[in-house]
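To start, the structure itself, in structure tokens.
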Amino acid sequence: MRVGVIDVGSNTVRLLVAGRSDDGGVLPLAEERAQLGLGEEIERYGRIRRSKLSEAADWAHSYAHAARASGAAVVETVVTAPGRQSSNAGELVAVLQTATGVPVRVLSSDEEGALAHRGAAAGFDDAGRIAVCDVGGGSSELAVGMAGRSVEWLRSYDVGSLRLTTRAFGNDRPTPRTVRTARKMVREELAGELPPGVEMALAAGGTARAVRRIVGRSLGPEELDDAVDRAVRLSPGALRRRYGIEAERARTLAAGAIILAEIARMVEVPFEVARGGLREGVAAGLLEQLLEPAA
């Protein structure tokens with residue numbers, strides 16, 4: 001029993017083919033990704049141009065075919081921030097539907113945060129209350145709750161690694177001055193109600209995985225500030241050569257690490273990098289549907 005999830009986000013389009021593990025969890029069987037850059041289109045033009053819509057459709061078609069070839073009984077496409085932020089989001093949904101022939105679901109910010117929590121927190125049933133942070137390209141979500149239960153507290157912030165890079169740094173390398181500007185922008189976005197206390201904090205997404213390569217497994221505010229400093233000192237090429245971070249991720253690393261650092265200060269528990277996240281959360285729901293008896 002296998003399912004396929006096509007995840008269309010601000011930076012990338014990704015495929016996860018998964019089955020059920022022996023303990024009833026989600027077992028990743030195949031993963032693919034491609035750089036797409038829808039968030040940059042939206043920041044620049046307010047909409048997604050026809051050429052980029054065609055590129056998104058081509059990747060989605062390829063991934064839907066790959067999922068079926070891998071034996072996926074059910075395939076679903078989910079769209080995150082581009083489906084909420086683009087003025088022609090309806091066109092994006094339409095071309096994806098045509099290209100894949102499978103359901104396309106535009107996730108609300110709350111759905112995105114809850115699914116990321118489900119996928120990241122799976123397997124930590126005895127860990128107590130868990131905070132899960134997912135820094136995307138166009139937005140960031142923070143969800144708090146117990147593994148396997150509905151989240152107790154959830155907030156979505158209208159700032160992501162790509163969006164902050166574009167607005168704070170533009171096409172220039174970050175500098176100490178522009179980093180201060182970026183921190184101020186993030187703190188203004190995060191201002192408001194604080195999350196409840198937690199026993200564990202998990203960070204999902206590409207920013208967290210990239211930062212781990214630089215500073216190690218524990219991502220507290222000091223470690224994340226160190227990652228920001230290195231992203232300022234080193235060029236994207238140097239980050240790629242020294243830490244194996246791909247060029248596009250290196251370009252948005254400083255912004256992503258700033259967001260994580262400020263959220264880590266709110267949570268007051270160092271983040272660990274999650275093994276799962278949004279796609280695993282979607283896959284868990286699809287696998288449950290396959291197990292439900294027919295009406």
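Convention: chains lettered A, B, ... in structure tokens order; per-chain residue numbering from 1; ligands numbered from 1 as shown.
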Next on the checklist: Env of Val269 (chain A): 12 Å cut, atoms = only C-alpha atoms, seq-sep filter 6 positions within chain, self excluded. Answer as a PyMOL selection string.
Outcome noted: chain A and resi 129-133+195-203+218-222+260-263
Item to check | Residue set, region 45-153 of chain A restricted to strand (DSSP E or B), as a list in words | outcome: Ala72, Ala73, Val74, Val75, Glu76, Thr77, Val78, Val79, Val104, Arg105, Val106, Arg129, Ile130, Ala131, Val132, Cys133, Asp134, Val135, Ser140, Glu141, Leu142, Ala143, Val144, Gly145, Met146 and Trp153 of chain A
Write the residues you've just listed into a file as a PDB file, in the first residue's frame, and include N, CA and C atoms for each of them.
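Output file result-v6.pdb follows:
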```pdb
ATOM      1  N   ALA A  72       1.949   3.792  -6.354  1.00  0.00           N
ATOM      2  CA  ALA A  72       1.070   4.569  -5.472  1.00  0.00           C
ATOM      3  C   ALA A  72      -0.390   4.355  -5.857  1.00  0.00           C
ATOM      4  N   ALA A  73      -1.197   3.941  -4.898  1.00  0.00           N
ATOM      5  CA  ALA A  73      -2.626   3.725  -5.138  1.00  0.00           C
ATOM      6  C   ALA A  73      -3.388   5.038  -5.169  1.00  0.00           C
ATOM      7  N   VAL A  74      -2.890   6.016  -4.432  1.00  0.00           N
ATOM      8  CA  VAL A  74      -3.515   7.336  -4.363  1.00  0.00           C
ATOM      9  C   VAL A  74      -2.413   8.377  -4.486  1.00  0.00           C
ATOM     10  N   VAL A  75      -2.661   9.403  -5.276  1.00  0.00           N
ATOM     11  CA  VAL A  75      -1.723  10.519  -5.424  1.00  0.00           C
ATOM     12  C   VAL A  75      -2.492  11.813  -5.183  1.00  0.00           C
ATOM     13  N   GLU A  76      -1.894  12.717  -4.428  1.00  0.00           N
ATOM     14  CA  GLU A  76      -2.516  14.026  -4.181  1.00  0.00           C
ATOM     15  C   GLU A  76      -1.479  15.117  -4.358  1.00  0.00           C
ATOM     16  N   THR A  77      -1.908  16.240  -4.908  1.00  0.00           N
ATOM     17  CA  THR A  77      -1.062  17.428  -5.020  1.00  0.00           C
ATOM     18  C   THR A  77      -1.510  18.447  -3.981  1.00  0.00           C
ATOM     19  N   VAL A  78      -0.557  18.968  -3.218  1.00  0.00           N
ATOM     20  CA  VAL A  78      -0.858  20.037  -2.273  1.00  0.00           C
ATOM     21  C   VAL A  78      -0.056  21.275  -2.658  1.00  0.00           C
ATOM     22  N   VAL A  79      -0.668  22.420  -2.516  1.00  0.00           N
ATOM     23  CA  VAL A  79      -0.039  23.704  -2.823  1.00  0.00           C
ATOM     24  C   VAL A  79      -0.029  24.529  -1.549  1.00  0.00           C
ATOM     25  N   VAL A 104      -6.053  18.439  -6.413  1.00  0.00           N
ATOM     26  CA  VAL A 104      -5.135  19.509  -6.014  1.00  0.00           C
ATOM     27  C   VAL A 104      -5.764  20.231  -4.838  1.00  0.00           C
ATOM     28  N   ARG A 105      -5.032  20.283  -3.748  1.00  0.00           N
ATOM     29  CA  ARG A 105      -5.552  20.903  -2.525  1.00  0.00           C
ATOM     30  C   ARG A 105      -4.683  22.093  -2.144  1.00  0.00           C
ATOM     31  N   VAL A 106      -5.262  23.290  -2.130  1.00  0.00           N
ATOM     32  CA  VAL A 106      -4.547  24.466  -1.631  1.00  0.00           C
ATOM     33  C   VAL A 106      -4.699  24.474  -0.116  1.00  0.00           C
ATOM     34  N   ARG A 129       4.569  17.852  25.219  1.00  0.00           N
ATOM     35  CA  ARG A 129       4.134  18.869  24.262  1.00  0.00           C
ATOM     36  C   ARG A 129       5.304  19.233  23.336  1.00  0.00           C
ATOM     37  N   ILE A 130       5.035  19.228  22.025  1.00  0.00           N
ATOM     38  CA  ILE A 130       6.073  19.429  21.016  1.00  0.00           C
ATOM     39  C   ILE A 130       5.739  20.656  20.170  1.00  0.00           C
ATOM     40  N   ALA A 131       6.730  21.511  19.967  1.00  0.00           N
ATOM     41  CA  ALA A 131       6.601  22.621  19.024  1.00  0.00           C
ATOM     42  C   ALA A 131       7.248  22.204  17.711  1.00  0.00           C
ATOM     43  N   VAL A 132       6.559  22.445  16.604  1.00  0.00           N
ATOM     44  CA  VAL A 132       7.105  22.173  15.279  1.00  0.00           C
ATOM     45  C   VAL A 132       7.078  23.467  14.482  1.00  0.00           C
ATOM     46  N   CYS A 133       8.242  23.847  13.986  1.00  0.00           N
ATOM     47  CA  CYS A 133       8.375  25.053  13.164  1.00  0.00           C
ATOM     48  C   CYS A 133       8.755  24.643  11.749  1.00  0.00           C
ATOM     49  N   ASP A 134       8.035  25.154  10.780  1.00  0.00           N
ATOM     50  CA  ASP A 134       8.329  24.885   9.374  1.00  0.00           C
ATOM     51  C   ASP A 134       8.545  26.222   8.676  1.00  0.00           C
ATOM     52  N   VAL A 135       9.809  26.530   8.374  1.00  0.00           N
ATOM     53  CA  VAL A 135      10.133  27.762   7.662  1.00  0.00           C
ATOM     54  C   VAL A 135      10.102  27.456   6.164  1.00  0.00           C
ATOM     55  N   SER A 140       5.956  30.972   7.322  1.00  0.00           N
ATOM     56  CA  SER A 140       6.498  30.087   8.356  1.00  0.00           C
ATOM     57  C   SER A 140       5.377  29.758   9.330  1.00  0.00           C
ATOM     58  N   GLU A 141       5.329  28.494   9.738  1.00  0.00           N
ATOM     59  CA  GLU A 141       4.295  28.047  10.668  1.00  0.00           C
ATOM     60  C   GLU A 141       4.919  27.509  11.945  1.00  0.00           C
ATOM     61  N   LEU A 142       4.245  27.749  13.058  1.00  0.00           N
ATOM     62  CA  LEU A 142       4.644  27.210  14.352  1.00  0.00           C
ATOM     63  C   LEU A 142       3.414  26.564  14.981  1.00  0.00           C
ATOM     64  N   ALA A 143       3.508  25.268  15.251  1.00  0.00           N
ATOM     65  CA  ALA A 143       2.392  24.517  15.822  1.00  0.00           C
ATOM     66  C   ALA A 143       2.849  23.805  17.082  1.00  0.00           C
ATOM     67  N   VAL A 144       1.995  23.771  18.092  1.00  0.00           N
ATOM     68  CA  VAL A 144       2.322  23.152  19.380  1.00  0.00           C
ATOM     69  C   VAL A 144       1.229  22.150  19.734  1.00  0.00           C
ATOM     70  N   GLY A 145       1.655  20.975  20.176  1.00  0.00           N
ATOM     71  CA  GLY A 145       0.698  19.960  20.605  1.00  0.00           C
ATOM     72  C   GLY A 145       1.399  18.653  20.893  1.00  0.00           C
ATOM     73  N   MET A 146       0.631  17.663  21.266  1.00  0.00           N
ATOM     74  CA  MET A 146       1.145  16.324  21.535  1.00  0.00           C
ATOM     75  C   MET A 146       1.141  15.521  20.238  1.00  0.00           C
ATOM     76  N   TRP A 153      -2.100  24.823  19.674  1.00  0.00           N
ATOM     77  CA  TRP A 153      -1.787  26.244  19.400  1.00  0.00           C
ATOM     78  C   TRP A 153      -1.070  26.296  18.061  1.00  0.00           C
TER      79      TRP A 153
END
```
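Minimum atom-to-atom distance to Leu38 (chain A), evaluated using only C-alpha atoms, belongs to A:Leu162 out of A:Ala66, A:Ala120, A:Val273, A:Leu162.
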Which region 179-257 of chain A residues have any atom within 10 Å of an atom of region 5-17 of chain A, and for each, what is the nearest pair of atoms with distance in Å to one decimal, counting only C-alpha atoms, rows sorted by chain and number, as a tab-separated table?
```
residue	atom	partner	partner_atom	distance
A:Gly206	CA	A:Asn11	CA	9.8
A:Glu248	CA	A:Asn11	CA	8.8
A:Arg249	CA	A:Asn11	CA	9.0
```
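With only C-alpha atoms as the atoms that count, the minimum distance from Glu43 (chain A) to the choices A:Ser62, A:Thr252, A:Thr166, A:Ser139 is reached by A:Thr166.
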Checklist entry - Would you give me, as a ChimeraX atom specification, the residues in region 45-89 of chain A that DSSP reads as alpha helix (DSSP H)? => result /A:45,50-69,81-85,89
Would you write out those residues with N, CA and C atoms, as a PDB file, in the first residue's frame?
```
ATOM      1  N   TYR A  45       6.287  39.852  -9.427  1.00  0.00           N
ATOM      2  CA  TYR A  45       5.203  40.246 -10.327  1.00  0.00           C
ATOM      3  C   TYR A  45       3.821  40.252  -9.658  1.00  0.00           C
ATOM      4  N   ARG A  50       2.960  32.818 -17.283  1.00  0.00           N
ATOM      5  CA  ARG A  50       2.575  31.637 -18.036  1.00  0.00           C
ATOM      6  C   ARG A  50       3.725  30.640 -18.165  1.00  0.00           C
ATOM      7  N   SER A  51       4.941  31.141 -18.417  1.00  0.00           N
ATOM      8  CA  SER A  51       6.079  30.230 -18.582  1.00  0.00           C
ATOM      9  C   SER A  51       6.352  29.441 -17.312  1.00  0.00           C
ATOM     10  N   LYS A  52       6.194  30.083 -16.180  1.00  0.00           N
ATOM     11  CA  LYS A  52       6.433  29.405 -14.901  1.00  0.00           C
ATOM     12  C   LYS A  52       5.279  28.449 -14.570  1.00  0.00           C
ATOM     13  N   LEU A  53       4.068  28.800 -14.944  1.00  0.00           N
ATOM     14  CA  LEU A  53       2.950  27.873 -14.781  1.00  0.00           C
ATOM     15  C   LEU A  53       3.201  26.596 -15.584  1.00  0.00           C
ATOM     16  N   SER A  54       3.710  26.756 -16.788  1.00  0.00           N
ATOM     17  CA  SER A  54       4.001  25.592 -17.629  1.00  0.00           C
ATOM     18  C   SER A  54       5.096  24.738 -17.012  1.00  0.00           C
ATOM     19  N   GLU A  55       6.103  25.381 -16.440  1.00  0.00           N
ATOM     20  CA  GLU A  55       7.170  24.631 -15.790  1.00  0.00           C
ATOM     21  C   GLU A  55       6.639  23.842 -14.592  1.00  0.00           C
ATOM     22  N   ALA A  56       5.787  24.491 -13.791  1.00  0.00           N
ATOM     23  CA  ALA A  56       5.185  23.797 -12.649  1.00  0.00           C
ATOM     24  C   ALA A  56       4.366  22.602 -13.118  1.00  0.00           C
ATOM     25  N   ALA A  57       3.595  22.784 -14.198  1.00  0.00           N
ATOM     26  CA  ALA A  57       2.775  21.695 -14.721  1.00  0.00           C
ATOM     27  C   ALA A  57       3.638  20.539 -15.216  1.00  0.00           C
ATOM     28  N   ASP A  58       4.741  20.858 -15.880  1.00  0.00           N
ATOM     29  CA  ASP A  58       5.623  19.805 -16.393  1.00  0.00           C
ATOM     30  C   ASP A  58       6.190  18.959 -15.265  1.00  0.00           C
ATOM     31  N   TRP A  59       6.655  19.616 -14.195  1.00  0.00           N
ATOM     32  CA  TRP A  59       7.215  18.866 -13.065  1.00  0.00           C
ATOM     33  C   TRP A  59       6.129  18.038 -12.379  1.00  0.00           C
ATOM     34  N   ALA A  60       4.971  18.630 -12.197  1.00  0.00           N
ATOM     35  CA  ALA A  60       3.891  17.906 -11.533  1.00  0.00           C
ATOM     36  C   ALA A  60       3.461  16.687 -12.354  1.00  0.00           C
ATOM     37  N   HIS A  61       3.384  16.845 -13.663  1.00  0.00           N
ATOM     38  CA  HIS A  61       3.045  15.716 -14.538  1.00  0.00           C
ATOM     39  C   HIS A  61       4.072  14.602 -14.400  1.00  0.00           C
ATOM     40  N   SER A  62       5.353  14.984 -14.425  1.00  0.00           N
ATOM     41  CA  SER A  62       6.424  13.994 -14.290  1.00  0.00           C
ATOM     42  C   SER A  62       6.341  13.264 -12.957  1.00  0.00           C
ATOM     43  N   TYR A  63       6.069  14.010 -11.888  1.00  0.00           N
ATOM     44  CA  TYR A  63       6.021  13.386 -10.555  1.00  0.00           C
ATOM     45  C   TYR A  63       4.780  12.518 -10.380  1.00  0.00           C
ATOM     46  N   ALA A  64       3.668  12.917 -10.966  1.00  0.00           N
ATOM     47  CA  ALA A  64       2.474  12.074 -10.893  1.00  0.00           C
ATOM     48  C   ALA A  64       2.722  10.749 -11.609  1.00  0.00           C
ATOM     49  N   HIS A  65       3.381  10.818 -12.760  1.00  0.00           N
ATOM     50  CA  HIS A  65       3.727   9.592 -13.486  1.00  0.00           C
ATOM     51  C   HIS A  65       4.668   8.728 -12.661  1.00  0.00           C
ATOM     52  N   ALA A  66       5.680   9.352 -12.037  1.00  0.00           N
ATOM     53  CA  ALA A  66       6.644   8.607 -11.228  1.00  0.00           C
ATOM     54  C   ALA A  66       5.962   7.948 -10.032  1.00  0.00           C
ATOM     55  N   ALA A  67       5.020   8.645  -9.419  1.00  0.00           N
ATOM     56  CA  ALA A  67       4.313   8.086  -8.262  1.00  0.00           C
ATOM     57  C   ALA A  67       3.508   6.855  -8.670  1.00  0.00           C
ATOM     58  N   ARG A  68       2.806   6.958  -9.794  1.00  0.00           N
ATOM     59  CA  ARG A  68       2.022   5.811 -10.252  1.00  0.00           C
ATOM     60  C   ARG A  68       2.929   4.645 -10.637  1.00  0.00           C
ATOM     61  N   ALA A  69       4.069   4.969 -11.279  1.00  0.00           N
ATOM     62  CA  ALA A  69       5.003   3.915 -11.661  1.00  0.00           C
ATOM     63  C   ALA A  69       5.604   3.227 -10.440  1.00  0.00           C
ATOM     64  N   ALA A  81       2.121  28.128   0.146  1.00  0.00           N
ATOM     65  CA  ALA A  81       2.017  29.589   0.057  1.00  0.00           C
ATOM     66  C   ALA A  81       1.666  30.116  -1.340  1.00  0.00           C
ATOM     67  N   PRO A  82       2.187  29.554  -2.442  1.00  0.00           N
ATOM     68  CA  PRO A  82       1.800  30.099  -3.754  1.00  0.00           C
ATOM     69  C   PRO A  82       0.291  30.069  -4.005  1.00  0.00           C
ATOM     70  N   GLY A  83      -0.395  29.108  -3.431  1.00  0.00           N
ATOM     71  CA  GLY A  83      -1.834  29.038  -3.597  1.00  0.00           C
ATOM     72  C   GLY A  83      -2.584  30.070  -2.784  1.00  0.00           C
ATOM     73  N   ARG A  84      -1.911  30.681  -1.823  1.00  0.00           N
ATOM     74  CA  ARG A  84      -2.537  31.717  -0.990  1.00  0.00           C
ATOM     75  C   ARG A  84      -2.086  33.119  -1.373  1.00  0.00           C
ATOM     76  N   GLN A  85      -0.884  33.229  -1.956  1.00  0.00           N
ATOM     77  CA  GLN A  85      -0.282  34.548  -2.136  1.00  0.00           C
ATOM     78  C   GLN A  85      -0.308  35.075  -3.559  1.00  0.00           C
ATOM     79  N   ALA A  89      -3.671  32.417  -8.384  1.00  0.00           N
ATOM     80  CA  ALA A  89      -3.540  31.084  -7.795  1.00  0.00           C
ATOM     81  C   ALA A  89      -4.499  30.090  -8.441  1.00  0.00           C
TER      82      ALA A  89
END
```
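Reported to one decimal place, the separation of CA of Ala208 (chain A) from CA of Arg47 (chain A) is 27.8 Å.
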